[in-house]
$ cat model-v8.cif   # mmCIF, C-alpha atoms and all ligand atoms
data_entry
loop_
_atom_site.label_atom_id
_atom_site.label_comp_id
_atom_site.auth_asym_id
_atom_site.auth_seq_id
_atom_site.Cartn_x
_atom_site.Cartn_y
_atom_site.Cartn_z
CA MET A 1 0.00 0.00 0.00
CA GLU A 2 1.31 3.41 -0.88
CA VAL A 3 1.97 5.66 2.11
CA LEU A 4 0.75 9.23 1.72
CA THR A 5 2.96 12.10 2.84
CA LYS A 6 1.37 13.85 5.82
CA LEU A 7 4.00 16.48 6.49
CA GLU A 8 6.80 17.84 4.35
CA VAL A 9 9.51 20.23 5.47
CA LYS A 10 11.56 22.04 2.83
CA ASP A 11 14.80 23.89 3.47
CA LEU A 12 13.85 24.88 7.02
CA SER A 13 16.30 27.23 8.75
CA HIS A 14 16.07 28.89 12.15
CA SER A 15 18.35 31.25 14.07
CA TYR A 16 18.24 32.74 17.56
CA GLY A 17 19.95 36.09 16.99
CA SER A 18 23.11 35.29 15.07
CA HIS A 19 23.15 31.64 16.21
CA ARG A 20 22.00 29.46 13.33
CA VAL A 21 20.33 26.50 15.00
CA LEU A 22 18.60 24.72 12.07
CA LYS A 23 20.53 24.65 8.82
CA GLY A 24 18.23 23.93 5.90
CA LEU A 25 16.34 20.78 6.92
CA ASN A 26 14.47 18.64 4.39
CA PHE A 27 12.32 15.72 5.49
CA ALA A 28 8.89 14.18 5.08
CA VAL A 29 6.66 12.20 7.45
CA GLY A 30 4.19 9.62 6.18
CA ASP A 31 0.53 9.49 7.19
CA GLY A 32 0.33 7.36 10.34
CA GLU A 33 4.10 7.18 10.70
CA PHE A 34 5.95 7.28 14.02
CA LEU A 35 9.10 9.33 13.38
CA SER A 36 11.61 10.00 16.14
CA ILE A 37 14.01 12.92 16.07
CA LEU A 38 17.12 11.70 17.89
CA GLY A 39 20.12 13.84 18.75
CA PRO A 40 22.20 15.22 21.62
CA SER A 41 21.06 18.08 23.80
CA GLY A 42 21.30 21.42 21.99
CA CYS A 43 21.21 20.00 18.42
CA GLY A 44 17.91 21.79 17.61
CA LYS A 45 15.20 19.19 18.29
CA THR A 46 12.87 21.44 20.29
CA THR A 47 13.36 24.23 17.77
CA ILE A 48 12.09 21.94 15.00
CA LEU A 49 8.91 21.21 16.99
CA ARG A 50 8.39 24.92 17.78
CA ASN A 51 8.63 25.69 14.06
CA LEU A 52 6.29 22.83 13.10
CA ILE A 53 3.56 23.86 15.51
CA GLY A 54 3.97 27.57 14.77
CA LEU A 55 5.29 28.90 18.10
CA VAL A 56 8.15 30.56 16.21
CA PRO A 57 8.42 31.42 12.51
CA PRO A 58 11.35 29.94 10.55
CA ASP A 59 13.94 32.29 8.99
CA SER A 60 13.32 30.53 5.71
CA GLY A 61 11.82 27.37 4.34
CA SER A 62 8.34 25.90 4.17
CA ILE A 63 6.11 23.40 5.96
CA PHE A 64 3.43 21.50 4.05
CA LYS A 65 0.60 19.43 5.52
CA ASP A 66 -1.34 17.26 3.08
CA GLY A 67 0.35 19.26 0.33
CA LEU A 68 -0.85 22.64 1.65
CA ASP A 69 1.61 25.31 2.75
CA ILE A 70 0.96 25.91 6.48
CA THR A 71 4.18 27.85 7.21
CA ARG A 72 2.31 31.03 8.14
CA ARG A 73 -0.75 29.51 9.81
CA LYS A 74 -1.61 30.08 13.46
CA PRO A 75 -0.76 27.19 15.84
CA SER A 76 -4.45 26.51 16.45
CA GLU A 77 -5.05 26.09 12.71
CA ARG A 78 -2.38 23.51 12.01
CA GLY A 79 -4.13 20.36 13.25
CA MET A 80 -1.19 19.59 15.53
CA GLY A 81 -0.94 18.90 19.25
CA ILE A 82 2.12 18.82 21.47
CA VAL A 83 3.09 16.98 24.66
CA PHE A 84 5.94 18.52 26.68
CA GLN A 85 8.47 17.00 29.06
CA ASN A 86 7.10 18.84 32.11
CA TYR A 87 3.38 17.99 31.50
CA ALA A 88 2.34 21.68 31.77
CA LEU A 89 -0.87 20.85 33.66
CA PHE A 90 -2.95 23.35 35.62
CA GLN A 91 -2.19 22.51 39.28
CA ASN A 92 -5.48 23.89 40.60
CA MET A 93 -7.63 21.75 38.27
CA THR A 94 -8.48 18.06 38.46
CA ALA A 95 -7.29 15.58 35.83
CA LEU A 96 -10.73 15.76 34.22
CA GLY A 97 -10.72 19.57 34.40
CA ASN A 98 -7.34 19.74 32.67
CA VAL A 99 -8.55 17.64 29.74
CA GLU A 100 -11.90 19.41 29.56
CA TYR A 101 -10.42 22.89 29.66
CA ALA A 102 -9.00 23.00 26.13
CA LEU A 103 -12.20 21.50 24.71
CA ARG A 104 -14.32 24.32 26.12
CA PHE A 105 -12.57 26.83 23.87
CA ASN A 106 -13.20 24.80 20.75
CA GLU A 107 -16.59 25.27 19.15
CA ASN A 108 -16.54 21.79 17.63
CA PHE A 109 -16.24 20.12 21.01
CA ARG A 110 -17.75 22.57 23.49
CA GLY A 111 -21.10 20.81 23.95
CA ARG A 112 -19.44 17.42 24.47
CA ALA A 113 -16.40 18.55 26.45
CA ARG A 114 -17.14 16.58 29.64
CA GLN A 115 -17.96 13.38 27.78
CA ILE A 116 -14.90 13.55 25.51
CA ALA A 117 -12.63 14.33 28.47
CA GLN A 118 -13.95 11.28 30.34
CA GLU A 119 -13.42 9.07 27.30
CA MET A 120 -9.85 10.29 26.84
CA LEU A 121 -8.97 9.73 30.50
CA ALA A 122 -10.38 6.21 30.19
CA LEU A 123 -8.27 5.65 27.09
CA VAL A 124 -5.08 6.36 29.04
CA GLY A 125 -6.25 4.25 31.99
CA LEU A 126 -7.10 7.07 34.38
CA GLU A 127 -10.90 6.87 34.82
CA ALA A 128 -10.43 6.26 38.53
CA PHE A 129 -8.24 9.36 38.88
CA ALA A 130 -10.46 11.91 37.15
CA ALA A 131 -11.09 13.89 40.35
CA LYS A 132 -7.43 14.03 41.45
CA LYS A 133 -5.33 17.13 41.06
CA PRO A 134 -1.82 16.83 39.54
CA ALA A 135 -0.11 16.89 42.96
CA GLY A 136 -2.00 13.69 43.84
CA LEU A 137 -0.78 11.84 40.72
CA SER A 138 2.54 10.17 39.87
CA GLY A 139 4.73 11.59 37.11
CA GLY A 140 3.59 8.88 34.72
CA GLN A 141 -0.06 9.59 35.52
CA GLN A 142 0.43 13.34 35.03
CA GLN A 143 1.99 12.70 31.63
CA ARG A 144 -1.00 10.49 30.75
CA VAL A 145 -3.31 13.39 31.60
CA ALA A 146 -1.25 15.63 29.31
CA ILE A 147 -1.50 13.03 26.53
CA ALA A 148 -5.27 12.70 27.05
CA ARG A 149 -5.57 16.49 26.83
CA THR A 150 -3.69 16.54 23.53
CA LEU A 151 -5.62 13.59 22.06
CA ALA A 152 -8.95 15.14 23.05
CA LEU A 153 -8.63 17.81 20.37
CA ASN A 154 -8.15 15.05 17.80
CA PRO A 155 -4.96 16.38 16.18
CA GLU A 156 -3.80 14.95 12.86
CA ILE A 157 -0.18 15.16 13.98
CA ILE A 158 1.04 14.76 17.57
CA LEU A 159 4.43 16.16 18.58
CA PHE A 160 6.23 14.91 21.69
CA ASP A 161 9.16 16.78 23.24
CA GLU A 162 11.10 14.32 25.43
CA PRO A 163 7.86 13.35 27.21
CA MET A 164 9.47 10.63 29.33
CA SER A 165 12.67 12.28 30.50
CA ALA A 166 11.23 13.12 33.93
CA LEU A 167 9.89 9.58 34.51
CA ASP A 168 11.47 6.55 36.17
CA ALA A 169 12.31 3.43 34.17
CA ALA A 170 9.12 1.52 34.99
CA ALA A 171 6.86 4.45 34.11
CA ARG A 172 8.73 4.90 30.82
CA LEU A 173 8.20 1.30 29.80
CA SER A 174 4.47 1.38 30.48
CA LEU A 175 4.03 4.75 28.76
CA ARG A 176 5.89 3.41 25.71
CA GLU A 177 3.36 0.62 25.39
CA GLU A 178 0.54 3.09 25.86
CA LEU A 179 1.86 5.32 23.06
CA LYS A 180 2.13 2.45 20.62
CA GLY A 181 -1.42 1.40 21.50
CA ILE A 182 -2.70 4.94 20.96
CA GLN A 183 -0.95 5.18 17.63
CA ARG A 184 -2.45 1.90 16.44
CA ARG A 185 -5.90 2.92 17.59
CA PHE A 186 -5.95 6.44 16.13
CA ASN A 187 -3.49 5.83 13.30
CA SER A 188 -2.08 9.26 14.13
CA THR A 189 1.10 10.68 12.71
CA MET A 190 3.58 11.11 15.55
CA ILE A 191 6.85 13.03 15.74
CA TYR A 192 8.76 12.13 18.87
CA VAL A 193 11.80 14.06 20.07
CA THR A 194 14.28 12.25 22.29
CA HIS A 195 17.99 12.03 23.12
CA ASP A 196 17.50 8.40 24.23
CA GLN A 197 18.61 5.88 21.62
CA GLU A 198 16.78 2.95 23.16
CA GLU A 199 13.50 4.83 23.32
CA ALA A 200 13.76 5.91 19.69
CA PHE A 201 14.50 2.36 18.58
CA ALA A 202 11.66 0.85 20.59
CA LEU A 203 9.02 3.24 19.28
CA SER A 204 9.82 4.37 15.76
CA ASP A 205 9.05 3.40 12.19
CA ARG A 206 11.93 5.67 11.19
CA ILE A 207 14.45 7.77 13.10
CA MET A 208 15.85 11.14 12.02
CA VAL A 209 19.32 11.52 13.52
CA MET A 210 20.37 15.15 14.12
CA ASP A 211 23.62 16.83 15.06
CA ARG A 212 24.28 20.57 15.28
CA GLY A 213 21.24 21.62 13.33
CA GLU A 214 21.71 19.18 10.49
CA ILE A 215 20.11 15.86 9.60
CA GLN A 216 22.69 13.07 9.63
CA GLN A 217 20.44 10.23 8.48
CA ILE A 218 16.73 9.38 8.26
CA ASP A 219 16.16 5.67 8.22
CA THR A 220 14.57 2.61 9.81
CA PRO A 221 16.10 1.38 13.09
CA ARG A 222 17.50 -1.66 11.29
CA ASN A 223 19.15 0.35 8.53
CA LEU A 224 20.70 2.78 11.03
CA ILE A 225 22.43 -0.15 12.69
CA GLU A 226 23.36 -1.99 9.52
CA ARG A 227 24.26 1.02 7.39
CA PRO A 228 25.09 4.10 9.50
CA ALA A 229 25.63 7.03 7.12
CA ASN A 230 28.65 8.52 8.90
CA ALA A 231 30.84 8.46 12.02
CA PHE A 232 28.36 10.51 14.06
CA VAL A 233 25.53 8.02 13.48
CA SER A 234 27.76 5.08 14.16
CA GLU A 235 29.07 6.57 17.42
CA PHE A 236 26.10 8.47 18.84
CA VAL A 237 23.47 5.96 17.75
CA VAL A 238 24.95 2.52 17.23
CA ASP A 239 27.75 2.52 19.83
CA ASN A 240 25.56 4.05 22.52
CA LEU A 241 22.78 1.58 21.82
CA ARG A 242 25.27 -1.27 21.97
CA ARG A 243 26.39 -0.11 25.39
CA LYS A 244 22.80 -0.22 26.64
CA ILE A 245 21.72 -3.45 24.98
CA ASN A 246 23.80 -6.62 24.96
CA SER A 247 22.71 -8.06 21.66
CA LEU A 248 21.77 -5.50 19.02
CA ALA A 249 20.48 -8.06 16.55
CA GLN A 250 18.27 -9.60 19.18
CA TYR A 251 17.11 -6.17 20.27
CA VAL A 252 15.95 -5.23 16.79
CA GLU A 253 14.09 -8.55 16.54
CA ILE A 254 12.19 -8.16 19.79
CA THR A 255 11.26 -4.51 19.40
CA ARG A 256 9.96 -4.51 15.84
N1 LIG B 1 14.95 30.97 23.01
C1 LIG B 1 16.25 30.78 22.68
N2 LIG B 1 17.11 31.84 22.57
C2 LIG B 1 18.39 31.64 22.24
N3 LIG B 1 18.96 30.46 22.02
C3 LIG B 1 18.17 29.37 22.12
C4 LIG B 1 16.78 29.47 22.47
N4 LIG B 1 16.25 28.22 22.49
C5 LIG B 1 17.26 27.38 22.18
N5 LIG B 1 18.42 28.06 21.95
C6 LIG B 1 19.70 27.46 21.55
O1 LIG B 1 19.50 26.81 20.31
C7 LIG B 1 20.18 25.55 20.26
C8 LIG B 1 19.17 24.43 20.00
O2 LIG B 1 18.27 24.38 21.08
P1 LIG B 1 17.07 23.33 21.15
O3 LIG B 1 16.28 23.39 19.92
O4 LIG B 1 16.37 23.59 22.44
O5 LIG B 1 17.89 21.96 21.20
P2 LIG B 1 17.46 20.52 21.79
O6 LIG B 1 15.99 20.50 21.96
O7 LIG B 1 17.97 19.54 20.77
O8 LIG B 1 18.20 20.37 23.09
C9 LIG B 1 20.92 25.43 21.59
O9 LIG B 1 22.23 25.87 21.38
C10 LIG B 1 20.16 26.36 22.51
O10 LIG B 1 21.01 26.87 23.50
MG MG B 2 14.82 20.14 23.66
#
$ encode --input "model-v8.cif" --output "structure tokens"
Amino acid sequence: MEVLTKLEVKDLSHSYGSHRVLKGLNFAVGDGEFLSILGPSGCGKTTILRNLIGLVPPDSGSIFKDGLDITRRKPSERGMGIVFQNYALFQNMTALGNVEYALRFNENFRGRARQIAQEMLALVGLEAFAAKKPAGLSGGQQQRVAIARTLALNPEIILFDEPMSALDAAARLSLREELKGIQRRFNSTMIYVTHDQEEAFALSDRIMVMDRGEIQQIDTPRNLIERPANAFVSEFVVDNLRRKINSLAQYVEITR
């Protein structure tokens, strides 16, 4: 089956003052694809997401969704949602209130806000916690609320910015499974930023490896291991993964 292109980025550049952070990026994401952006801290990952969702305008370049140029559209008109590392929940609202809140401002959902919010909390396994405030939830549960809030608006593309970096190992593993389940169920296009090789390999259809504002390689997990494009990919990706996992071949088998 032919995979349609959901998102296409052409020649995207971004600077903060005189510091050029993204240097002419070109990539495309397929409809329903899970693409990770993997690179060391400071390489420009968050800046890519901020450009995609429209929080900052690029210096130059274009972003296309379903073939339409959305480079100048407002964030709310891009059909994208984002999940941050630090959850960004309202502390004075319950889990249900946090999910419901965004829906109340959207005329398509307003009348059904409570019902949709309840469904989304159930989807991430938190029905029993709907009345709790963030302080009464674990980190993993708070991130589930943030994911439910993003899913509730039914975005075509979901962006994740290191959503698991504040969680312990057990919470990460269960949230990984949850994300894969959500992607299968909604068939959403997901772009997932991480500096964690293992996480990228466990989750992704393809991985875009970045260093210093440039794409080093975009490929499947298997191809990255078998045919790293350059020394950076082979050291930052393959060697680091090998240090974490004993048998790479076996790892690729069990995770795909
Ligand atoms: N608001 C900003 N003002 C100035 N420099 C920034 C700003 N945000 C990020 N940077 C710089 O841009 C580079 C890329 O940052 P970022 O996109 O956050 O990288 P990553 O998410 O991969 O860690 C870094 O050198 C960072 O210090
Ligand atoms: Mg970042």
$ residues_near_ligand --input "model-v8.cif" --ligand "ligand LIG 1 (chain B)" --cutoff "9 Å" --atoms "only C-alpha atoms and all ligand atoms" --output "MDAnalysis selection string"
chainID A and resid 15:17 19:22 38:50 161:162 193:195 210:213
$ closest_residue --input "model-v8.cif" --among "A:Leu224, A:Ala231, A:Ile37, A:Val237" --to "ligand MG 2 (chain B)" --atoms "only C-alpha atoms and all ligand atoms"
A:Ile37
$ atom_distance --input "model-v8.cif" --atom1 "CA of Leu7 in chain A" --atom2 "CA of Asp66 in chain A"
6.4 Å
$ atom_distance --input "model-v8.cif" --atom1 "CA of Ile158 in chain A" --atom2 "CA of Gln141 in chain A"
18.7 Å
$ closest_residue --input "model-v8.cif" --among "A:Asp59, A:Glu107, A:Ile207, A:Lys65" --to "Leu4 in chain A" --atoms "only C-alpha atoms"
A:Lys65
$ residues_around --input "model-v8.cif" --residues "Phe84 in chain A" --least-positions-apart "3" --cutoff "10 Å" --atoms "all atoms listed in the file" --output "list in words"
Thr46, Tyr87, Ala88, Gln143, Ala146, Ile147, Leu159, Phe160, Asp161, Glu162, Pro163, Met164, Ser165 and Val193 of chain A
$ closest_residue --input "model-v8.cif" --among "A:Tyr192, A:Phe64, A:Phe109, A:Phe27" --to "ligand MG 2 (chain B)" --atoms "all atoms listed in the file"
A:Tyr192
$ closest_residue --input "model-v8.cif" --among "A:Gln85, A:Pro58, A:Gln197, A:Ile225" --to "Ala166 in chain A" --atoms "only C-alpha atoms"
A:Gln85
$ atom_distance --input "model-v8.cif" --atom1 "CA of Ile53 in chain A" --atom2 "CA of Glu119 in chain A"
25.4 Å
$ closest_residue --input "model-v8.cif" --among "A:Asn98, A:Gln216, A:Asn86, A:Asn223" --to "ligand MG 2 (chain B)" --atoms "all atoms listed in the file"
A:Asn86
$ residues_around --input "model-v8.cif" --residues "Pro75 in chain A" --least-positions-apart "5" --cutoff "8 Å" --atoms "all atoms listed in the file" --output "list of chain:residue names"
A:Ile53, A:Gly54, A:Leu55, A:Met80
$ decode --input "model-v8.cif" --residues "range 164-248 of chain A" --atoms "C-alpha atoms" --output "PDB file, in the first residue's frame"
ATOM      1  CA  MET A 164       9.472  10.634  29.326  1.00  0.00           C
ATOM      2  CA  SER A 165      12.671  12.283  30.503  1.00  0.00           C
ATOM      3  CA  ALA A 166      11.227  13.117  33.928  1.00  0.00           C
ATOM      4  CA  LEU A 167       9.895   9.582  34.510  1.00  0.00           C
ATOM      5  CA  ASP A 168      11.467   6.546  36.172  1.00  0.00           C
ATOM      6  CA  ALA A 169      12.313   3.426  34.166  1.00  0.00           C
ATOM      7  CA  ALA A 170       9.124   1.519  34.994  1.00  0.00           C
ATOM      8  CA  ALA A 171       6.860   4.445  34.108  1.00  0.00           C
ATOM      9  CA  ARG A 172       8.733   4.898  30.825  1.00  0.00           C
ATOM     10  CA  LEU A 173       8.201   1.303  29.796  1.00  0.00           C
ATOM     11  CA  SER A 174       4.473   1.385  30.477  1.00  0.00           C
ATOM     12  CA  LEU A 175       4.032   4.746  28.761  1.00  0.00           C
ATOM     13  CA  ARG A 176       5.893   3.408  25.713  1.00  0.00           C
ATOM     14  CA  GLU A 177       3.362   0.618  25.391  1.00  0.00           C
ATOM     15  CA  GLU A 178       0.537   3.094  25.861  1.00  0.00           C
ATOM     16  CA  LEU A 179       1.856   5.318  23.061  1.00  0.00           C
ATOM     17  CA  LYS A 180       2.133   2.447  20.617  1.00  0.00           C
ATOM     18  CA  GLY A 181      -1.417   1.403  21.497  1.00  0.00           C
ATOM     19  CA  ILE A 182      -2.702   4.940  20.964  1.00  0.00           C
ATOM     20  CA  GLN A 183      -0.951   5.185  17.628  1.00  0.00           C
ATOM     21  CA  ARG A 184      -2.450   1.897  16.438  1.00  0.00           C
ATOM     22  CA  ARG A 185      -5.903   2.917  17.590  1.00  0.00           C
ATOM     23  CA  PHE A 186      -5.950   6.441  16.131  1.00  0.00           C
ATOM     24  CA  ASN A 187      -3.487   5.827  13.304  1.00  0.00           C
ATOM     25  CA  SER A 188      -2.079   9.264  14.131  1.00  0.00           C
ATOM     26  CA  THR A 189       1.104  10.684  12.707  1.00  0.00           C
ATOM     27  CA  MET A 190       3.579  11.115  15.554  1.00  0.00           C
ATOM     28  CA  ILE A 191       6.851  13.032  15.742  1.00  0.00           C
ATOM     29  CA  TYR A 192       8.762  12.127  18.870  1.00  0.00           C
ATOM     30  CA  VAL A 193      11.798  14.064  20.074  1.00  0.00           C
ATOM     31  CA  THR A 194      14.280  12.252  22.293  1.00  0.00           C
ATOM     32  CA  HIS A 195      17.986  12.025  23.121  1.00  0.00           C
ATOM     33  CA  ASP A 196      17.502   8.404  24.229  1.00  0.00           C
ATOM     34  CA  GLN A 197      18.611   5.877  21.622  1.00  0.00           C
ATOM     35  CA  GLU A 198      16.784   2.947  23.162  1.00  0.00           C
ATOM     36  CA  GLU A 199      13.502   4.830  23.321  1.00  0.00           C
ATOM     37  CA  ALA A 200      13.760   5.911  19.687  1.00  0.00           C
ATOM     38  CA  PHE A 201      14.503   2.355  18.580  1.00  0.00           C
ATOM     39  CA  ALA A 202      11.663   0.850  20.591  1.00  0.00           C
ATOM     40  CA  LEU A 203       9.016   3.236  19.276  1.00  0.00           C
ATOM     41  CA  SER A 204       9.819   4.365  15.756  1.00  0.00           C
ATOM     42  CA  ASP A 205       9.051   3.404  12.193  1.00  0.00           C
ATOM     43  CA  ARG A 206      11.926   5.672  11.190  1.00  0.00           C
ATOM     44  CA  ILE A 207      14.448   7.766  13.103  1.00  0.00           C
ATOM     45  CA  MET A 208      15.850  11.140  12.020  1.00  0.00           C
ATOM     46  CA  VAL A 209      19.318  11.519  13.519  1.00  0.00           C
ATOM     47  CA  MET A 210      20.365  15.146  14.119  1.00  0.00           C
ATOM     48  CA  ASP A 211      23.620  16.830  15.064  1.00  0.00           C
ATOM     49  CA  ARG A 212      24.284  20.574  15.284  1.00  0.00           C
ATOM     50  CA  GLY A 213      21.235  21.622  13.332  1.00  0.00           C
ATOM     51  CA  GLU A 214      21.713  19.178  10.492  1.00  0.00           C
ATOM     52  CA  ILE A 215      20.109  15.856   9.598  1.00  0.00           C
ATOM     53  CA  GLN A 216      22.693  13.073   9.632  1.00  0.00           C
ATOM     54  CA  GLN A 217      20.436  10.229   8.482  1.00  0.00           C
ATOM     55  CA  ILE A 218      16.730   9.381   8.263  1.00  0.00           C
ATOM     56  CA  ASP A 219      16.161   5.666   8.222  1.00  0.00           C
ATOM     57  CA  THR A 220      14.575   2.607   9.810  1.00  0.00           C
ATOM     58  CA  PRO A 221      16.098   1.377  13.087  1.00  0.00           C
ATOM     59  CA  ARG A 222      17.500  -1.658  11.295  1.00  0.00           C
ATOM     60  CA  ASN A 223      19.154   0.354   8.535  1.00  0.00           C
ATOM     61  CA  LEU A 224      20.697   2.777  11.028  1.00  0.00           C
ATOM     62  CA  ILE A 225      22.431  -0.146  12.695  1.00  0.00           C
ATOM     63  CA  GLU A 226      23.356  -1.993   9.525  1.00  0.00           C
ATOM     64  CA  ARG A 227      24.263   1.019   7.391  1.00  0.00           C
ATOM     65  CA  PRO A 228      25.092   4.100   9.498  1.00  0.00           C
ATOM     66  CA  ALA A 229      25.634   7.034   7.121  1.00  0.00           C
ATOM     67  CA  ASN A 230      28.652   8.521   8.903  1.00  0.00           C
ATOM     68  CA  ALA A 231      30.843   8.464  12.022  1.00  0.00           C
ATOM     69  CA  PHE A 232      28.356  10.506  14.059  1.00  0.00           C
ATOM     70  CA  VAL A 233      25.530   8.022  13.479  1.00  0.00           C
ATOM     71  CA  SER A 234      27.759   5.077  14.157  1.00  0.00           C
ATOM     72  CA  GLU A 235      29.066   6.566  17.424  1.00  0.00           C
ATOM     73  CA  PHE A 236      26.097   8.472  18.840  1.00  0.00           C
ATOM     74  CA  VAL A 237      23.469   5.963  17.754  1.00  0.00           C
ATOM     75  CA  VAL A 238      24.950   2.522  17.231  1.00  0.00           C
ATOM     76  CA  ASP A 239      27.753   2.518  19.828  1.00  0.00           C
ATOM     77  CA  ASN A 240      25.560   4.053  22.519  1.00  0.00           C
ATOM     78  CA  LEU A 241      22.779   1.584  21.824  1.00  0.00           C
ATOM     79  CA  ARG A 242      25.266  -1.272  21.971  1.00  0.00           C
ATOM     80  CA  ARG A 243      26.394  -0.105  25.394  1.00  0.00           C
ATOM     81  CA  LYS A 244      22.803  -0.217  26.645  1.00  0.00           C
ATOM     82  CA  ILE A 245      21.720  -3.452  24.981  1.00  0.00           C
ATOM     83  CA  ASN A 246      23.798  -6.620  24.957  1.00  0.00           C
ATOM     84  CA  SER A 247      22.711  -8.064  21.659  1.00  0.00           C
ATOM     85  CA  LEU A 248      21.773  -5.502  19.021  1.00  0.00           C
TER      86      LEU A 248
END
